[in-house]
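S.K.: For reference, the file query-v3.cif (mmCIF, C-alpha atoms (C1' of nucleotides)) is included below:
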data_input
loop_
_atom_site.label_atom_id
_atom_site.label_comp_id
_atom_site.auth_asym_id
_atom_site.auth_seq_id
_atom_site.Cartn_x
_atom_site.Cartn_y
_atom_site.Cartn_z
CA MET A 1 0.00 0.00 0.00
CA ALA A 2 1.01 3.64 -0.45
CA PRO A 3 2.90 5.40 2.33
CA LYS A 4 -0.11 7.68 3.13
CA LYS A 5 1.57 10.66 4.75
CA THR A 6 -0.49 13.21 6.59
CA ILE A 7 0.00 16.81 5.64
CA GLY A 8 1.84 17.37 8.90
CA GLU A 9 4.17 14.47 8.28
CA GLN A 10 4.89 15.74 4.78
CA GLN A 11 5.72 19.14 6.17
CA LEU A 12 8.01 17.71 8.83
CA GLU A 13 9.86 15.84 6.11
CA ASP A 14 10.12 19.00 4.04
CA PHE A 15 11.60 20.89 6.97
CA ASP A 16 14.11 18.11 7.51
CA LEU A 17 15.31 18.03 3.92
CA VAL A 18 15.35 21.78 3.45
CA PHE A 19 17.13 22.64 6.67
CA LYS A 20 19.66 19.92 6.06
CA ALA A 21 20.28 21.24 2.55
CA LEU A 22 20.71 24.77 3.88
CA ALA A 23 23.13 23.70 6.61
CA HIS A 24 26.17 23.92 4.36
CA PRO A 25 27.39 27.39 3.36
CA SER A 26 28.35 26.32 -0.14
CA ARG A 27 24.91 24.92 -0.79
CA ARG A 28 23.40 28.21 0.32
CA ASN A 29 25.85 29.96 -1.99
CA VAL A 30 24.74 27.86 -4.93
CA LEU A 31 21.23 29.18 -4.39
CA THR A 32 22.33 32.80 -4.31
CA VAL A 33 24.52 32.37 -7.36
CA LEU A 34 21.58 30.88 -9.22
CA GLN A 35 19.37 33.75 -8.12
CA ALA A 36 21.98 36.34 -9.10
CA ARG A 37 22.41 34.84 -12.57
CA GLY A 38 18.78 34.70 -13.50
CA GLY A 39 17.67 31.42 -11.96
CA THR A 40 19.11 28.82 -14.34
CA MET A 41 22.64 27.55 -14.93
CA THR A 42 24.27 24.40 -16.22
CA ALA A 43 26.16 22.14 -13.84
CA GLY A 44 29.40 23.22 -15.48
CA ASP A 45 28.65 26.91 -14.99
CA ILE A 46 27.98 26.28 -11.34
CA VAL A 47 31.07 24.14 -10.84
CA SER A 48 33.25 26.80 -12.45
CA ARG A 49 32.20 29.37 -9.84
CA PHE A 50 33.27 27.24 -6.89
CA SER A 51 36.56 25.66 -5.93
CA TYR A 52 35.22 22.16 -5.59
CA ALA A 53 35.99 19.09 -7.63
CA TRP A 54 33.10 18.30 -9.90
CA PRO A 55 31.86 15.21 -8.06
CA THR A 56 31.71 17.20 -4.86
CA MET A 57 29.48 19.80 -6.46
CA THR A 58 27.37 17.11 -8.08
CA ARG A 59 26.54 15.81 -4.65
CA HIS A 60 25.73 19.24 -3.25
CA LEU A 61 23.42 19.81 -6.19
CA GLN A 62 21.72 16.49 -5.59
CA GLN A 63 21.03 17.40 -2.01
CA LEU A 64 19.51 20.70 -3.06
CA GLU A 65 17.40 18.87 -5.59
CA GLN A 66 16.15 16.30 -3.10
CA ALA A 67 15.06 19.16 -0.90
CA GLY A 68 13.16 20.57 -3.86
CA LEU A 69 15.13 23.81 -3.84
CA ILE A 70 16.38 23.35 -7.39
CA SER A 71 15.20 21.25 -10.32
CA VAL A 72 17.07 19.79 -13.26
CA ASP A 73 16.41 19.65 -16.95
CA LYS A 74 18.72 17.64 -19.16
CA LYS A 75 19.44 19.07 -22.61
CA SER A 76 21.79 16.91 -24.67
CA ARG A 77 24.92 16.62 -22.57
CA GLU A 78 24.18 19.45 -20.19
CA GLN A 79 22.15 19.61 -17.02
CA TYR A 80 20.26 22.84 -16.50
CA TYR A 81 19.63 23.58 -12.86
CA THR A 82 16.86 25.99 -11.96
CA LEU A 83 16.29 27.64 -8.62
CA ASN A 84 12.92 26.99 -7.03
CA ALA A 85 12.65 30.19 -5.03
CA ALA A 86 8.92 29.80 -4.53
CA ARG A 87 9.40 26.49 -2.77
CA LEU A 88 12.23 27.91 -0.68
CA ASN A 89 10.10 30.80 0.51
CA GLU A 90 7.08 28.62 1.05
CA VAL A 91 8.81 26.02 3.21
CA MET A 92 10.70 28.57 5.25
CA ASN A 93 7.66 30.73 5.85
CA ASN A 94 5.62 27.71 6.85
CA TRP A 95 8.20 26.95 9.45
CA LEU A 96 8.60 30.53 10.61
CA LYS A 97 4.85 30.73 11.20
CA TRP A 98 5.36 28.95 14.48
CA PHE A 99 7.34 31.89 15.78
CA GLU A 100 5.20 34.86 14.81
CA MET B 1 43.42 44.92 17.80
CA ALA B 2 39.74 44.10 17.56
CA PRO B 3 38.55 41.73 14.82
CA LYS B 4 36.73 44.58 12.95
CA LYS B 5 34.07 42.67 11.07
CA THR B 6 32.15 44.33 8.30
CA ILE B 7 28.38 44.19 8.49
CA GLY B 8 28.35 41.68 5.67
CA GLU B 9 30.87 39.45 7.37
CA GLN B 10 28.84 39.58 10.57
CA GLN B 11 25.75 38.58 8.67
CA LEU B 12 27.50 35.70 6.94
CA GLU B 13 28.62 34.45 10.34
CA ASP B 14 25.06 34.75 11.66
CA PHE B 15 23.72 32.72 8.75
CA ASP B 16 26.33 30.07 9.40
CA LEU B 17 25.56 29.69 13.08
CA VAL B 18 21.81 29.89 12.70
CA PHE B 19 21.50 27.45 9.81
CA LYS B 20 23.83 25.04 11.54
CA ALA B 21 21.74 25.25 14.71
CA LEU B 22 18.54 24.66 12.75
CA ALA B 23 19.96 21.66 10.91
CA HIS B 24 19.02 19.19 13.63
CA PRO B 25 15.33 18.36 14.07
CA SER B 26 15.57 18.17 17.85
CA ARG B 27 17.07 21.60 18.05
CA ARG B 28 14.23 22.94 15.95
CA ASN B 29 11.84 21.13 18.26
CA VAL B 30 13.36 22.79 21.29
CA LEU B 31 12.48 26.13 19.75
CA THR B 32 8.87 25.17 19.08
CA VAL B 33 8.48 23.69 22.55
CA LEU B 34 9.79 26.93 24.02
CA GLN B 35 7.39 28.93 21.88
CA ALA B 36 4.45 26.68 22.78
CA ARG B 37 5.17 26.98 26.50
CA GLY B 38 5.39 30.72 26.65
CA GLY B 39 8.99 31.34 25.69
CA THR B 40 10.91 30.39 28.83
CA MET B 41 11.73 27.04 30.44
CA THR B 42 14.39 25.64 32.71
CA ALA B 43 16.94 23.19 31.34
CA GLY B 44 15.28 20.44 33.35
CA ASP B 45 11.85 21.19 31.92
CA ILE B 46 13.29 21.00 28.42
CA VAL B 47 15.22 17.80 29.08
CA SER B 48 12.13 16.12 30.48
CA ARG B 49 10.26 16.65 27.20
CA PHE B 50 12.86 14.87 25.10
CA SER B 51 14.34 11.40 25.24
CA TYR B 52 17.95 12.51 25.41
CA ALA B 53 20.43 12.12 28.20
CA TRP B 54 20.96 15.41 29.92
CA PRO B 55 24.46 16.12 28.58
CA THR B 56 23.20 15.63 25.06
CA MET B 57 20.51 18.24 25.54
CA THR B 58 22.95 20.57 27.24
CA ARG B 59 25.01 20.58 24.08
CA HIS B 60 22.03 21.16 21.82
CA LEU B 61 21.04 24.09 24.00
CA GLN B 62 24.54 25.52 23.83
CA GLN B 63 24.46 25.42 20.05
CA LEU B 64 21.15 27.23 20.00
CA GLU B 65 22.56 29.79 22.40
CA GLN B 66 25.68 30.38 20.32
CA ALA B 67 23.44 31.04 17.37
CA GLY B 68 21.62 33.61 19.46
CA LEU B 69 18.32 31.78 19.14
CA ILE B 70 17.91 31.33 22.89
CA SER B 71 19.42 33.07 25.89
CA VAL B 72 20.09 31.84 29.40
CA ASP B 73 19.48 33.30 32.81
CA LYS B 74 20.77 31.49 35.84
CA LYS B 75 18.59 31.61 38.94
CA SER B 76 20.08 29.71 41.88
CA ARG B 77 20.54 26.17 40.62
CA GLU B 78 18.36 26.46 37.56
CA GLN B 79 19.05 27.74 34.09
CA TYR B 80 16.16 29.55 32.48
CA TYR B 81 16.27 29.39 28.71
CA THR B 82 14.34 31.97 26.73
CA LEU B 83 13.49 31.83 23.06
CA ASN B 84 14.72 34.77 20.99
CA ALA B 85 12.05 34.67 18.32
CA ALA B 86 12.85 38.20 17.15
CA ARG B 87 16.40 37.22 16.32
CA LEU B 88 15.23 34.04 14.60
CA ASN B 89 12.83 35.96 12.37
CA GLU B 90 15.33 38.71 11.70
CA VAL B 91 18.17 36.45 10.59
CA MET B 92 15.95 34.24 8.49
CA ASN B 93 14.22 37.14 6.79
CA ASN B 94 17.54 38.81 6.09
CA TRP B 95 18.64 35.68 4.31
CA LEU B 96 15.35 35.15 2.50
CA LYS B 97 15.58 38.68 1.10
CA TRP B 98 17.96 37.38 -1.53
CA PHE B 99 15.21 35.25 -2.99
CA GLU B 100 12.31 37.64 -3.19
"C1'" DA C 1 29.05 19.30 57.57
"C1'" DA C 2 26.61 15.92 54.78
"C1'" DT C 3 23.50 15.11 51.33
"C1'" DA C 4 20.40 16.16 47.60
"C1'" DT C 5 19.33 18.72 43.32
"C1'" DA C 6 20.30 20.97 38.89
"C1'" DT C 7 23.32 21.17 35.48
"C1'" DT C 8 27.86 21.15 32.97
"C1'" DT C 9 32.40 19.28 31.48
"C1'" DA C 10 35.38 15.52 29.85
"C1'" DG C 11 36.16 11.83 27.12
"C1'" DC C 12 34.90 8.34 24.03
"C1'" DA C 13 32.45 5.50 20.31
"C1'" DT C 14 29.36 5.60 16.41
"C1'" DT C 15 27.32 7.77 12.59
"C1'" DT C 16 27.04 11.29 9.16
"C1'" DT C 17 29.01 14.63 6.21
"C1'" DT C 18 32.37 16.28 3.26
"C1'" DG C 19 35.82 16.19 -0.25
"C1'" DC C 20 38.85 13.74 -3.24
"C1'" DT C 21 40.48 10.58 -7.20
"C1'" DA C 22 39.53 7.09 -10.55
"C1'" DA C 23 36.32 5.00 -13.40
"C1'" DA C 24 31.95 4.95 -15.79
"C1'" DT C 25 28.20 6.84 -18.76
"C1'" DA C 26 26.08 9.48 -22.21
"C1'" DT C 27 26.02 12.55 -25.95
"C1'" DA C 28 28.29 15.22 -29.57
"C1'" DT C 29 31.86 15.94 -33.05
"C1'" DA C 30 35.59 14.66 -36.35
"C1'" DT D 1 34.40 4.72 -35.50
"C1'" DA D 2 37.39 7.30 -32.55
"C1'" DT D 3 37.69 11.09 -29.67
"C1'" DA D 4 36.20 14.98 -27.02
"C1'" DT D 5 32.87 17.04 -23.75
"C1'" DA D 6 29.66 17.09 -19.83
"C1'" DT D 7 28.50 14.92 -15.98
"C1'" DT D 8 27.66 11.05 -12.61
"C1'" DT D 9 28.79 6.92 -9.78
"C1'" DA D 10 31.87 4.26 -6.77
"C1'" DG D 11 34.75 4.03 -3.18
"C1'" DC D 12 37.67 5.83 0.26
"C1'" DA D 13 39.77 8.88 3.92
"C1'" DA D 14 39.34 12.80 6.91
"C1'" DA D 15 36.47 15.81 9.51
"C1'" DA D 16 32.33 16.98 11.98
"C1'" DA D 17 28.17 15.86 14.48
"C1'" DT D 18 25.70 13.10 17.72
"C1'" DG D 19 24.83 10.49 21.79
"C1'" DC D 20 26.35 8.23 25.84
"C1'" DT D 21 28.48 7.41 30.66
"C1'" DA D 22 31.24 8.99 34.42
"C1'" DA D 23 32.93 12.71 36.90
"C1'" DA D 24 32.82 17.49 38.26
"C1'" DT D 25 30.64 21.85 39.87
"C1'" DA D 26 27.53 24.78 42.09
"C1'" DT D 27 23.73 25.72 44.97
"C1'" DA D 28 20.18 24.39 48.32
"C1'" DT D 29 18.49 21.67 52.19
"C1'" DT D 30 19.00 18.85 56.47
#
Do you think you could lay out the structure here as structure tokens?
M.R.:
Amino acid sequence: MAPKKTIGEQQLEDFDLVFKALAHPSRRNVLTVLQARGGTMTAGDIVSRFSYAWPTMTRHLQQLEQAGLISVDKKSREQYYTLNAARLNEVMNNWLKWFE
Amino acid sequence: MAPKKTIGEQQLEDFDLVFKALAHPSRRNVLTVLQARGGTMTAGDIVSRFSYAWPTMTRHLQQLEQAGLISVDKKSREQYYTLNAARLNEVMNNWLKWFE
DNA sequence: AATATATTTAGCATTTTTGCTAAATATATA
DNA sequence: TATATATTTAGCAAAAATGCTAAATATATT
């Protein structure tokens, strides 16, 4: 049978993934670089702006993707990563609601 | 001489400490428990609501304190921890500004 | 003074995260 | 078909985070 998550459980899971993704400064930087450059970049463009080996960045990007903060679109050989700012704001504001 | 941090450097450091503190679900839970119970609790009250050994919770609380998300006031034997919701909202909103 | 209460510090083992290099895959170009 | 380009997967070592127990500290009570 399907996992059947309640809305609260889903939200808890979202908070977990998103806060874990945002825990590393370089992952936060990826998001701001994406935002600053219009929202979409290829993996290679992103890698070239950081001093990480490519596989290291690949993994950071995957974590951001699992959290839903970026999405990928493959075009021929290149991966286009797009910032999901709406999701970022939504999840964070949902969490911050508890502290208003 | 004094470290002389620019405002931007200070903010970067804030983001680092705050996001690191929020990375662990139990630390986030401590904040919501504090909020739900009026904003202030003793260390013992907090410990009793979680299934951690006391030293483990002590360390979580110290991390939250270093991030400025809670503050402590010692009264005789007890430590009163108080949620700093204003700081939480301020730091988070400062960061989220980049993605508006 | 002796004991009880509230909490922290020290030290250690386990798990998770991070970053790297080497190898693999997939698509494009010559 | 051979080679170049873009990127991921596998596997490992080092660093950081997490949780525990035992011991220490500090204050209150008897």
S.K.: Using the chain letters and numbering of this document, enumerate as a PyMOL selection string the residues selected by the PyMOL selection byres ((chain D) within 8 of (chain A)).
M.R.: chain D and resi 6-8
S.K.: Leaving out A:Thr56 and any residue of its chain fewer than 2 positions from it, which residues lie within 12 Å of it when counting all atoms listed in the file, given as a list in words?
M.R.: Ser26, Arg27, Ala43, Ile46, Val47, Phe50, Ser51, Tyr52, Ala53, Trp54, Thr58, Arg59, His60, Leu61, Gln62 and Gln63 of chain A; DT17, DT18, DG19, DC20 and DT21 of chain C; DT7, DT8 and DT9 of chain D
S.K.: Using all atoms listed in the file and a distance of at most 8 Å, pull out the residues of chain A that contact chain B, as an MDAnalysis selection string.
M.R.: chainID A and resid 16 19:20 22:25 32 35 85 89 96 98:100
S.K.: Could you state the separation of atom CA of A:Glu90 and atom CA of A:Ala67 in Å, given to one decimal place?
M.R.: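 Going from atom CA of A:Glu90 over to atom CA of A:Ala67 covers 12.5 Å.
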S.K.: Enumerate, as a ChimeraX atom specification, the protein, DNA and RNA residues whose atoms approach (18.3, 25.6, 48.5) to within 10 Å, taking into account all atoms listed in the file and the coordinate frame of the file.
M.R.: /B:76-77 /C:4-5 /D:27-29
S.K.: Work out how far atom CA of B:Met41 is from atom CA of B:Thr82, in Å to one decimal.
M.R.: 6.7 Å
S.K.: Output as a Markdown table one row per residue of chain C within 12 Å of chain B: the closest atom pair and its distance in Å to one decimal place, counting all atoms listed in the file, sorted by chain and residue number ascending.
M.R.:
| residue | atom | partner | partner_atom | distance |
| --- | --- | --- | --- | --- |
| C:DT5 | C1' | B:Arg77 | CA | 8.0 |
| C:DA6 | C1' | B:Arg77 | CA | 5.5 |
| C:DT7 | C1' | B:Glu78 | CA | 7.5 |
| C:DT8 | C1' | B:Pro55 | CA | 7.5 |
| C:DT9 | C1' | B:Pro55 | CA | 9.0 |
| C:DA10 | C1' | B:Pro55 | CA | 11.0 |
S.K.: What is the atom CA of B:Tyr80-atom C1' of C:DG11 distance in Å, reported with one decimal?
M.R.: 27.3 Å
S.K.: Starting from the displayed file, determine the output of the PyMOL selection byres ((chain C and resi 23) around 9) and express the residue list as a compact mmCIF listing (two decimals) with C-alpha atoms (C1' of nucleotides), in the coordinates of the input.
M.R.:
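Final output, selection_3.txt:
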# COMPACT_ATOMS: atom_id res chain seq x y z
C1' DA C 22 39.53 7.09 -10.55
C1' DA C 24 31.95 4.95 -15.79
C1' DT D 9 28.79 6.92 -9.78
C1' DA D 10 31.87 4.26 -6.77
S.K.: Give as JSON, numbers by chain the residues that the PyMOL selection byres ((chain D and resi 16) around 10) matches when applied to the coordinates above.
M.R.: {"C": [16, 17, 18], "D": [14, 15, 17, 18]}
S.K.: Smallest atom-to-atom distance to A:Glu13: which of A:Lys74, A:Thr40, A:Gly68, A:Tyr81, using all atoms listed in the file?
M.R.: A:Gly68
